[in-house]
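Engineer: Starting off with a structure, shown below.
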Amino acid sequence: MVHNNLKVWRAKFDMTQEELADKVDVTRQTIIALEKGRYNPSVELALKIAEYFKTSVEEIFFLREKL
Amino acid sequence: MKKAVLLFGIILVLFTIIMSIFVSVFFLAMVFLFFPLSILYTEQKSVDEREKFIRYKAGYLTLHLTIFLFVILFIQEALSTGESPQVIYYLLLIFPSVVYTFSFLSQRIDLARSGRIVLYVFGGWWIIFSLLSHGFTISSLIESPIGFGYLIVAFLSYRWKRLAGIIALIYGLFLLARLTGSFRDPQLSTALLVLIPLPLFFSGIVFLKKDDSI
């Protein structure tokens, strides 16, 4: 399972789920599912999100929960 | 909702009303099937990747539930009549399997594996059909060598791929020659002549082909 700290990054940029969803061309439900870890993003979506936050994919998505 | 979809829906509803008044009420029933389906398919492009993934999962589940339903109908027909079910029941069972098998095989998976999958799927079906046709007896197992032949070729292919390929082709030709003219019903004859040897020819060619997908 892929873990992520999308919620943290979204808070850093002071964005709502709806706003992020619009920026990366998905629905708000997909952002909710990503944040709750119920859905693994495609490479394309992961890259889009990382590009939007101007960081690398590994900073947002990772295989093990960060301690 | 897109304008094109809305327009299509309005035309369809008008067409249905006219047809149901002047021709048959059957057309009215059809709109309840086609209208939601048309919306589902025309909006396919506007959905995001997660929804597409959910739709694929839903399609996969639907396929298995449909096959399960057909199996129930098939068994019910066999038990209630005490005879082999009509050809349409065999085709209803085989058709989703064929579409599913060949659609995922078209995604360029490992050739030998795809050959084996075809043999397992069709071999399995023919054994089930033989059991149902002969009333779940031991003799029906003895009288159903076609399906077991498929499975034996599939097992052989794990160790001797080329040999399995040659055997599959010979077995397919043998069945084609043996079965030609053996069925009185032309509908059944055509369906079985295509469905029985075809998987063997497919797998035979696939086993003999050099796998260059790596």
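Residue names in the structure tokens use chain letters A, B, ... in the order shown, residue numbers from 1 in each chain, and ligand numbers from 1 in the order shown.
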Dump as a ChimeraX atom specification the residues of chain A that approach chain B to within 12 Å, counting only C-alpha atoms.
Structural biologist: /A:21-22,24-34,38-46
Engineer: Restricting it to N, CA and C atoms, dump the selection as a tab-separated table (two decimals), in the first residue's frame.
Structural biologist:
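Final output, saved to out_4.tsv:
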chain	number	residue	atom	x	y	z
A	21	ALA	N	-8.22	19.17	-6.32
A	21	ALA	CA	-8.85	18.30	-7.33
A	21	ALA	C	-8.93	19.01	-8.67
A	22	ASP	N	-9.33	20.28	-8.65
A	22	ASP	CA	-9.42	21.06	-9.89
A	22	ASP	C	-8.05	21.22	-10.55
A	24	VAL	N	-5.44	19.27	-10.43
A	24	VAL	CA	-4.85	18.05	-11.00
A	24	VAL	C	-5.86	17.22	-11.80
A	25	ASP	N	-6.99	17.81	-12.12
A	25	ASP	CA	-7.99	17.18	-13.02
A	25	ASP	C	-8.59	15.89	-12.50
A	26	VAL	N	-8.94	15.87	-11.23
A	26	VAL	CA	-9.67	14.71	-10.71
A	26	VAL	C	-10.86	15.22	-9.89
A	27	THR	N	-11.64	14.29	-9.37
A	27	THR	CA	-12.78	14.71	-8.55
A	27	THR	C	-12.34	14.84	-7.08
A	28	ARG	N	-13.16	15.53	-6.28
A	28	ARG	CA	-12.84	15.70	-4.85
A	28	ARG	C	-12.83	14.34	-4.15
A	29	GLN	N	-13.70	13.45	-4.65
A	29	GLN	CA	-13.77	12.10	-4.05
A	29	GLN	C	-12.43	11.37	-4.20
A	30	THR	N	-11.76	11.63	-5.32
A	30	THR	CA	-10.45	10.97	-5.54
A	30	THR	C	-9.42	11.50	-4.55
A	31	ILE	N	-9.45	12.81	-4.30
A	31	ILE	CA	-8.51	13.39	-3.32
A	31	ILE	C	-8.80	12.82	-1.92
A	32	ILE	N	-10.10	12.72	-1.59
A	32	ILE	CA	-10.48	12.14	-0.28
A	32	ILE	C	-9.95	10.71	-0.18
A	33	ALA	N	-10.18	9.92	-1.26
A	33	ALA	CA	-9.74	8.52	-1.26
A	33	ALA	C	-8.22	8.43	-1.13
A	34	LEU	N	-7.50	9.35	-1.78
A	34	LEU	CA	-6.03	9.36	-1.69
A	34	LEU	C	-5.58	9.67	-0.26
A	38	ARG	N	-7.21	4.97	0.57
A	38	ARG	CA	-8.09	3.96	-0.01
A	38	ARG	C	-7.83	3.76	-1.51
A	39	TYR	N	-7.01	4.62	-2.07
A	39	TYR	CA	-6.74	4.53	-3.51
A	39	TYR	C	-5.29	4.87	-3.81
A	40	ASN	N	-4.65	4.05	-4.62
A	40	ASN	CA	-3.28	4.32	-5.05
A	40	ASN	C	-3.31	5.12	-6.34
A	41	PRO	N	-2.64	6.27	-6.40
A	41	PRO	CA	-2.71	7.07	-7.62
A	41	PRO	C	-1.91	6.45	-8.75
A	42	SER	N	-2.25	6.81	-9.98
A	42	SER	CA	-1.44	6.39	-11.12
A	42	SER	C	-0.15	7.21	-11.08
A	43	VAL	N	0.84	6.80	-11.84
A	43	VAL	CA	2.11	7.54	-11.90
A	43	VAL	C	1.83	8.96	-12.39
A	44	GLU	N	0.93	9.04	-13.37
A	44	GLU	CA	0.61	10.35	-13.95
A	44	GLU	C	0.03	11.30	-12.88
A	45	LEU	N	-0.91	10.78	-12.10
A	45	LEU	CA	-1.54	11.63	-11.08
A	45	LEU	C	-0.53	12.00	-9.98
A	46	ALA	N	0.31	11.03	-9.59
A	46	ALA	CA	1.32	11.30	-8.56
A	46	ALA	C	2.27	12.40	-9.05
Engineer: Using DSSP on the backbone coordinates, identify all residues within chain A classified as alpha helix (DSSP H); present the result as an NGL selection string.
Structural biologist: :A and (6-12 or 17-23 or 28-35 or 43-52 or 57-60)
Engineer: I'd like the neighbourhood of Lys23 (chain A) as a PyMOL selection string, where a residue qualifies if any of its atoms comes within 10 Å (using only C-alpha atoms), though same-chain residues fewer than 4 positions away should be ignored.
Structural biologist: chain A and resi 17-19+48-49+52
Engineer: Could you tell me which of B:Val13, B:Ala58, B:Phe207, B:Phe202 comes closest to Phe102 (chain B) if we count only C-alpha atoms?
Structural biologist: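 Ranked by minimum distance to Phe102 (chain B), first place goes to B:Phe202.
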